[in-house]
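J.: Here it is, the structure, as structure tokens.
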Amino acid sequence: MRIALFITCFNDTMFPGTGRAVLRVLERLGHTVEFPQEQTCCGQMHVNTGYRRAAVPLVARFAEAFAGYDAVVTPSASCAGTVRESHPLLAGLGGAGLPDAVAAVAPRVYELTEFLVDVLGVTDVGAHFPHRVTYHPTCHSLRGLRLGDRPLRLLRAVRGIDLVELPRADACCGFGGTFAIKNADTSTAMLADKMSDVLNTGAEVVCAADNSCLMHIGGGLDRLSAGVRTMHLAEILAATGGQRP
Amino acid sequence: MSTGSDGRVWLGTPAFPKAARTALTDTQLRRNLRHATSTIRAKRLQAVEELTDFEALREAGSALKRRTARHLDRYLEQLERSVTDAGGTVHWAADAAEANQIVTRLVRATGEREVVKVKSMATQEIGLNEALAEAGITAYETDLAELIVQLGEDRPSHILVPAIHRNRAEIRDIFQREMGAWGRAAPRDLDDGLESLTEAARQHLREKFLTARVAVSGANFAAADTGTVVVVESEGNGRMCLTLPETLITVMGIEKVVPRFTDLEVFLQLLPRSSTGERMNPYTSTWTGVVAGDGPQAFHLVLLDNGRTDVLKDTVGRQALACIRCSACLNVCPVYERTGGHSYGSVYPGPIGAVLTPQLVGVGQAASLPFASTLCGACYDACPVKINIPEVLTHLRAEVVEGGRQGLRPPTAEAVAMKAAAAVLNSPRLWRMAQRAAAVGGGVVGRGGRVRRLPGPLRGWSNARDTAVPPRESFRDWWRKNREGGG
């Protein structure tokens with residue numbers, strides 16, 4: 001199986017460690033992962049902010065960069081959702097061959113936990129992470145991709161982990177991409193409630209399948225010196241020793 | 001509080017982010033909304049989960065609405081024939097002004113100067129009460145929450161619970177201060193207990209029911225095959241208005257027609273479970289034209305367009321017309337829960353308002369509303385007729401952006417930035433350069449790997465959040481160095 005990593009523009013720049021964690025997990029399971037250098041961005045920010053036409057070249061670039069792979073794995077539920085749901089719609093605005101190119105690639109794009117559980121059939125990835133952790137299901141994980149309990153099944157199999165349930169887990173954290181800038185006050189009000197729920201768990205780490213939401217939650221927690229840090233769940237699945245979060 | 005000539009939007013309401021900022025500081029509002037929405041969310045889930053075929057019902061409701069929208073012309077003409085055959089009179093109103101003129105003329109023809117009203121979104125939308133007042137006709141709202149809003153010279157903030165922003169003490173004050181001017185006054189010693197408040201409203205309204213000769217209602221549904229009009233409610237005050245007066249005038253958005261009477265089987269299950277979280281609502285009133293000696297002896301149905309056929313032209317946006325006004329999307333919306341309904345500046349608040357209002361009044365008139373959402377998708381999950389609200393929101397965002405591009409306005413800083421970002425992201429070489437610049441720039445302004453204050457429009461973000469400085473080495477640089485031996 002030819003596997004490509006779609007790192008996403010955001011993780012590429014801000015959270016390269018998440019990409020390395022995905023590599024560690026998949027390689028530990030015996031797979032080879034390629035990184036097509038022509039990849040950049042799925043266009044989510046443009047689509048969600050109303051610049052759908054500007055996103056069309058990015059859709060074409062994505063389809064070309066990842067053509068021919070059996071699976072494209074990404075550590076982002078929202079970017080996986082954009083490719084699978086928005087790219088087929090946007091393809092109609094592009095060149096004549098684009099709809100077919102997108103139709104060939106989009107269904108092969110998997111968020112990391114989908115790929116592990118559904119495609120590889122694995123829930124125990126051999127991780128060891130002796131810390132108190134809570135999991136926030138991001139909206140795109142929960143209501144977009146419908147990841148269900150896949151992330152939790154993977155986390156439960158981690159050795160040493162003290163996994164605690166997040167109250168009101170299904171509530172949006174208030175990030176919403178440019179929403180956090182355009183409607184900063186409302187976003188902050190939502191963030192305050194999410195932080196309060198996280199703090200009530202007593203967890204050291206809050207993890208999720210999207211670093212974008214985690215940057216928002218973690219940015220608020222850091223501002224308050226709350227003593228809780230955010231980690232992409234890939235980094236927990238990659239951990240094997242006594243790493244401090 | 002001025003209501004514009006167009007009742008759909010409240011002129012003078014600031015754009016959503018600014019209106020929301022004010023609402024967010026209202027602690028009473030925050031508490032009321034948190035309590036009300038979380039209670040009703042739990043009730044709705046329970047009412048929905050006990051049905052094994054709820055998903056099939058949603059699918060049926062959605063399919064019926066889609067079919068109706070595709071053949072709306074046919075069903076409306078069928079409805080007109082059915083209502084006329086049953087002894088009613090059908091009027092067609094292209095817009096709010098025409099609908100208001102028709103209703104005013106019909107009321108005047110009866111010689112009456114007062115009407116009682118059944119809770120109705122359509123008449124809110126056209127600003128009927130204000131139009132009647134200009135013609136010297138007083139409209140009395142009889143839904144308890146609408147009464148509170150009317151007496152308080154206030155605006156509704158929720159589709160189903162228009163006075164959700166008021167607490168009991170405020171309601172007592174409003175009743176004591178205002179009821180006397182509108183009819184029977186509230187008792188001097190009125191307390192803010194639920195029974196006392198309800199009793200005061202009951203006494204006040206009973207007088208209206210017993211004297212009114214004309215009623216105005218909206219409609220939840222109208223069956224094209226039989227001409228039967230349906231109003232669904234909880235209090236029974238609507239039933240009073242629909243049965244006691246001599247003349248009944250119903251203003252109904254054209255999208256409320258359903259093909260067959262038997263289709264109500266689907267909607268009368270979906271609506272109460274989704275709106276109040278009940279298996280069945282207490283009062284479902286149906287009437288078919290006029291029946292000699294029973295109920296109103298004159299029935300007028302005003303079919304209101306007011307922008308709806310324009311919405312139908314938009315193949316993505318038209319799904320918003322499937323709305324059955326249950327409010328489930330408001331109750332599950334994390335934005336609505338915190339900002340309340342007034343921030344939306346429209347009679348249609350919440351997620352459905354954010355997709356309906358801009359389409360009805362033009363995206364340029366409500367350009368901030370499609371952005372008043374995190375696209376979290378809770379509304380889509382809760383919608384009983386499966387309106388994909390996040391899809392319509394992103395579609396309308398593009399309409400706002402592209403509308404700005406066609407206009408004479410110079411491109412905004414955001415448009416310039418988005419265009420530049422797209423160009424950079426479409427070139428791996430430029431993208432690498434931008435990443436390195438970001439890491440260097442972040443290193444300059446950041447302290448201890450954190451940026452505490454960002455400039456310009458990003459300040460709203462950094463007011464509440466620290467931002468990590470991008471690491472020196474991007475993933476792609478790391479890959480080239482470690483996996484391909486490049487630099």
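The chains in the structure tokens are called A, B, ... from first to last as shown; in each chain the residues are counted from 1, and the ligands are counted from 1 in the order shown.
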Find the residues of chain A in contact range of chain B, meaning any atom within 8 Å when counting only C-alpha atoms, and list them as an mmCIF file with C-alpha atoms, in the first residue's frame.

T.:
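Listed below is the output, result-v6.cif:
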data_model
loop_
_atom_site.group_PDB
_atom_site.id
_atom_site.type_symbol
_atom_site.label_atom_id
_atom_site.label_comp_id
_atom_site.auth_asym_id
_atom_site.auth_seq_id
_atom_site.Cartn_x
_atom_site.Cartn_y
_atom_site.Cartn_z
ATOM 1 C CA ILE A 7 0.739 17.322 6.634
ATOM 2 C CA ASN A 11 0.828 21.696 10.818
ATOM 3 C CA ASP A 12 3.705 22.030 8.359
ATOM 4 C CA THR A 13 4.441 25.503 9.702
ATOM 5 C CA MET A 14 3.227 25.512 13.298
ATOM 6 C CA PHE A 15 3.263 21.874 14.436
ATOM 7 C CA PRO A 16 5.894 19.889 12.503
ATOM 8 C CA GLY A 17 6.165 17.583 15.528
ATOM 9 C CA GLY A 19 3.846 15.222 11.297
ATOM 10 C CA ARG A 20 6.853 13.416 12.766
ATOM 11 C CA PHE A 35 5.756 12.991 1.597
ATOM 12 C CA GLN A 37 6.717 17.808 -1.906
ATOM 13 C CA GLU A 38 4.217 19.489 -4.214
ATOM 14 C CA GLN A 39 1.549 19.509 -1.517
ATOM 15 C CA THR A 40 0.632 22.740 0.245
ATOM 16 C CA CYS A 41 -2.905 23.412 1.462
ATOM 17 C CA HIS A 46 -10.380 30.163 1.690
ATOM 18 C CA VAL A 47 -13.541 28.088 1.293
ATOM 19 C CA ASN A 48 -14.804 28.753 4.792
ATOM 20 C CA THR A 49 -14.140 32.479 4.552
ATOM 21 C CA GLY A 50 -15.925 32.881 1.220
ATOM 22 C CA TYR A 51 -12.988 32.820 -1.197
ATOM 23 C CA ARG A 52 -14.008 29.651 -2.964
ATOM 24 C CA ALA A 54 -9.171 31.304 -4.837
ATOM 25 C CA ALA A 55 -9.293 27.765 -3.475
ATOM 26 C CA PRO A 57 -6.047 26.112 -7.842
ATOM 27 C CA LEU A 58 -5.303 24.585 -4.426
ATOM 28 C CA ARG A 61 -2.709 21.117 -6.767
ATOM 29 C CA CYS A 139 -16.597 19.534 15.492
ATOM 30 C CA HIS A 140 -15.089 18.234 12.278
ATOM 31 C CA ARG A 143 -20.120 15.937 13.206
ATOM 32 C CA GLY A 144 -18.031 16.241 10.040
ATOM 33 C CA ALA A 171 -19.650 21.584 22.445
ATOM 34 C CA CYS A 172 -17.653 23.612 19.941
ATOM 35 C CA GLY A 174 -15.259 28.495 19.573
ATOM 36 C CA PHE A 175 -12.355 28.463 17.136
ATOM 37 C CA GLY A 176 -14.067 28.264 13.756
ATOM 38 C CA GLY A 177 -11.068 29.502 11.725
ATOM 39 C CA PHE A 179 -14.545 33.183 13.222
ATOM 40 C CA ALA A 180 -12.044 33.545 16.076
ATOM 41 C CA ILE A 181 -10.889 36.805 14.470
ATOM 42 C CA LYS A 182 -14.122 38.165 13.000
ATOM 43 C CA ASN A 183 -16.177 37.305 16.063
ATOM 44 C CA ALA A 184 -13.386 37.332 18.621
ATOM 45 C CA ASP A 185 -15.616 38.147 21.601
ATOM 46 C CA THR A 186 -18.098 35.347 20.978
ATOM 47 C CA THR A 188 -13.632 33.909 23.588
ATOM 48 C CA ALA A 189 -16.912 33.321 25.439
ATOM 49 C CA MET A 190 -17.044 29.807 23.999
ATOM 50 C CA MET A 215 -4.026 26.216 19.210
ATOM 51 C CA HIS A 216 -7.143 28.140 20.260
ATOM 52 C CA GLY A 218 -4.038 25.990 24.275
ATOM 53 C CA GLY A 219 -3.609 29.695 23.570
ATOM 54 C CA GLY A 220 -6.243 30.449 26.187
ATOM 55 C CA LEU A 221 -4.832 27.970 28.710
ATOM 56 C CA ASP A 222 -1.315 29.360 28.236
ATOM 57 C CA ARG A 223 -2.525 32.925 28.704
#

J.: Excluding Pro167 in chain A and any residue of its chain fewer than 5 positions from it, enumerate the residues within 12 Å of it, using only C-alpha atoms, and give them as a PyMOL selection string.

T.: chain A and resi 134-137+193-202

J.: Those same residues - N, CA and C atoms - I'd like them written as a compact mmCIF listing (two decimals), in the first residue's frame.

T.:
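Contents of out_32.txt, freshly written:
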# COMPACT_ATOMS: atom_id res chain seq x y z
N THR A 134 -7.34 14.27 28.68
CA THR A 134 -8.74 14.32 28.25
C THR A 134 -8.78 14.59 26.75
N TYR A 135 -9.82 14.10 26.11
CA TYR A 135 -9.93 14.19 24.67
C TYR A 135 -11.09 15.11 24.29
N HIS A 136 -10.80 16.12 23.48
CA HIS A 136 -11.85 17.01 22.96
C HIS A 136 -12.16 16.61 21.53
N PRO A 137 -13.37 16.09 21.28
CA PRO A 137 -13.74 15.77 19.89
C PRO A 137 -14.04 17.06 19.15
N ASP A 193 -15.76 28.63 28.35
CA ASP A 193 -16.49 27.46 28.83
C ASP A 193 -15.72 26.17 28.56
N LYS A 194 -15.08 26.10 27.39
CA LYS A 194 -14.31 24.89 27.07
C LYS A 194 -13.14 24.75 28.03
N MET A 195 -12.46 25.86 28.33
CA MET A 195 -11.32 25.80 29.25
C MET A 195 -11.79 25.37 30.64
N SER A 196 -12.93 25.89 31.04
CA SER A 196 -13.45 25.52 32.35
C SER A 196 -13.75 24.02 32.42
N ASP A 197 -14.32 23.47 31.36
CA ASP A 197 -14.58 22.03 31.32
C ASP A 197 -13.28 21.23 31.34
N VAL A 198 -12.29 21.71 30.60
CA VAL A 198 -10.99 21.02 30.57
C VAL A 198 -10.37 21.04 31.97
N LEU A 199 -10.37 22.21 32.59
CA LEU A 199 -9.74 22.34 33.91
C LEU A 199 -10.44 21.46 34.95
N ASN A 200 -11.76 21.31 34.80
CA ASN A 200 -12.50 20.49 35.76
C ASN A 200 -12.13 19.01 35.70
N THR A 201 -11.53 18.59 34.62
CA THR A 201 -11.14 17.17 34.52
C THR A 201 -9.86 16.90 35.31
N GLY A 202 -9.10 17.94 35.63
CA GLY A 202 -7.82 17.74 36.30
C GLY A 202 -6.75 17.15 35.39

J.: Sorted by chain and rising residue number, which residues of range 83-173 of chain A lie within 9 Å of range 203-214 of chain A, and what are their closest atom pairs and distances in Å to one decimal, counting only C-alpha atoms, as a Markdown table?

T.:
| residue | atom | partner | partner_atom | distance |
| --- | --- | --- | --- | --- |
| A:Glu111 | CA | A:Ala209 | CA | 8.3 |
| A:Leu112 | CA | A:Ala209 | CA | 8.1 |
| A:Thr113 | CA | A:Ala209 | CA | 8.2 |
| A:His131 | CA | A:Glu204 | CA | 6.9 |
| A:Arg132 | CA | A:Ala203 | CA | 4.9 |
| A:Val133 | CA | A:Val205 | CA | 4.8 |
| A:Thr134 | CA | A:Val206 | CA | 4.9 |
| A:Tyr135 | CA | A:Cys207 | CA | 5.0 |
| A:His136 | CA | A:Ala208 | CA | 5.3 |
| A:Pro137 | CA | A:Ala208 | CA | 6.1 |
| A:Thr138 | CA | A:Ala208 | CA | 6.7 |
| A:His140 | CA | A:Asp210 | CA | 8.5 |
| A:Ser141 | CA | A:Ala209 | CA | 7.0 |
| A:Pro151 | CA | A:Ala209 | CA | 8.0 |
| A:Asp162 | CA | A:Ala203 | CA | 8.6 |
| A:Leu163 | CA | A:Ala203 | CA | 8.4 |
| A:Val164 | CA | A:Ala203 | CA | 7.3 |
| A:Cys173 | CA | A:Cys213 | CA | 7.0 |

J.: Store the residues picked out above, limited to C-alpha atoms, as an mmCIF file, in the first residue's frame.

T.:
data_model
loop_
_atom_site.group_PDB
_atom_site.id
_atom_site.type_symbol
_atom_site.label_atom_id
_atom_site.label_comp_id
_atom_site.auth_asym_id
_atom_site.auth_seq_id
_atom_site.Cartn_x
_atom_site.Cartn_y
_atom_site.Cartn_z
ATOM 1 C CA GLU A 111 -7.922 11.344 8.947
ATOM 2 C CA LEU A 112 -5.275 9.518 11.023
ATOM 3 C CA THR A 113 -7.618 7.683 13.435
ATOM 4 C CA HIS A 131 -0.276 10.999 32.047
ATOM 5 C CA ARG A 132 -3.775 12.246 32.805
ATOM 6 C CA VAL A 133 -5.359 13.092 29.448
ATOM 7 C CA THR A 134 -8.739 14.322 28.253
ATOM 8 C CA TYR A 135 -9.933 14.193 24.665
ATOM 9 C CA HIS A 136 -11.852 17.006 22.964
ATOM 10 C CA PRO A 137 -13.737 15.768 19.890
ATOM 11 C CA THR A 138 -13.473 18.674 17.460
ATOM 12 C CA HIS A 140 -15.089 18.234 12.278
ATOM 13 C CA SER A 141 -14.152 14.961 14.004
ATOM 14 C CA PRO A 151 -9.889 8.268 18.771
ATOM 15 C CA ASP A 162 -5.235 8.048 32.697
ATOM 16 C CA LEU A 163 -7.958 8.990 30.236
ATOM 17 C CA VAL A 164 -10.670 11.195 31.732
ATOM 18 C CA CYS A 173 -14.544 25.249 21.427
#

J.: One number please: CA of Ala67 in chain A to CA of Gly95 in chain A, in Å, one decimal.

T.: 16.3 Å

J.: So how many Å separate CA of Ala234 in chain A and CA of Val440 in chain B, to one decimal?

T.: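 Pair CA of Ala234 in chain A / CA of Val440 in chain B returns 26.8 Å.
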
J.: List as a list in words the protein and nucleic acid residues near Tyr110 in chain A, meaning an atom at most 10 Å away when only C-alpha atoms are counted, but skip any in the same chain fewer than 5 places from it.

T.: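 Non-adjacent residues within range: Leu5, Phe6, Ala71, Val72, Val73, Thr74, Pro75, Ser76, Ala77, Cys79, Ala80, Gly81, Val83, Arg84, Phe115, Leu116, Asp118, Val119 and Leu145 of chain A.
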
J.: I want to know what sits within 10 Å of Leu45 in chain B, based on only C-alpha atoms, with residues of the same chain fewer than 4 positions away left out; could you give that as a list in words?

T.: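 So, after excluding close chain neighbours, the residues are Ile40, Arg41, Glu49, Glu50, Arg273, Ser274, Gly277 and Ala382 of chain B.
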
J.: Using Å and a single decimal, report how far CA of Arg308 in chain B sits from CA of Ala96 in chain B.

T.: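 Spanning CA of Ala96 in chain B to CA of Arg308 in chain B is a straight-line distance of 11.5 Å.
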
J.: Mind the document's chain letters and residue numbers, and return as a PyMOL selection string the residues of range 148-368 of chain B that DSSP labels strand (DSSP E).

T.: chain B and resi 214-217+221-223+228-233+247-253+257-258+283-288+298-304

J.: When DSSP is applied to the backbone of this structure, which of range 7-82 of chain A are assigned helix (DSSP H, G or I)? Write them out as a ChimeraX atom specification.

T.: /A:9-14,16-28,44-49,52-65,77-82
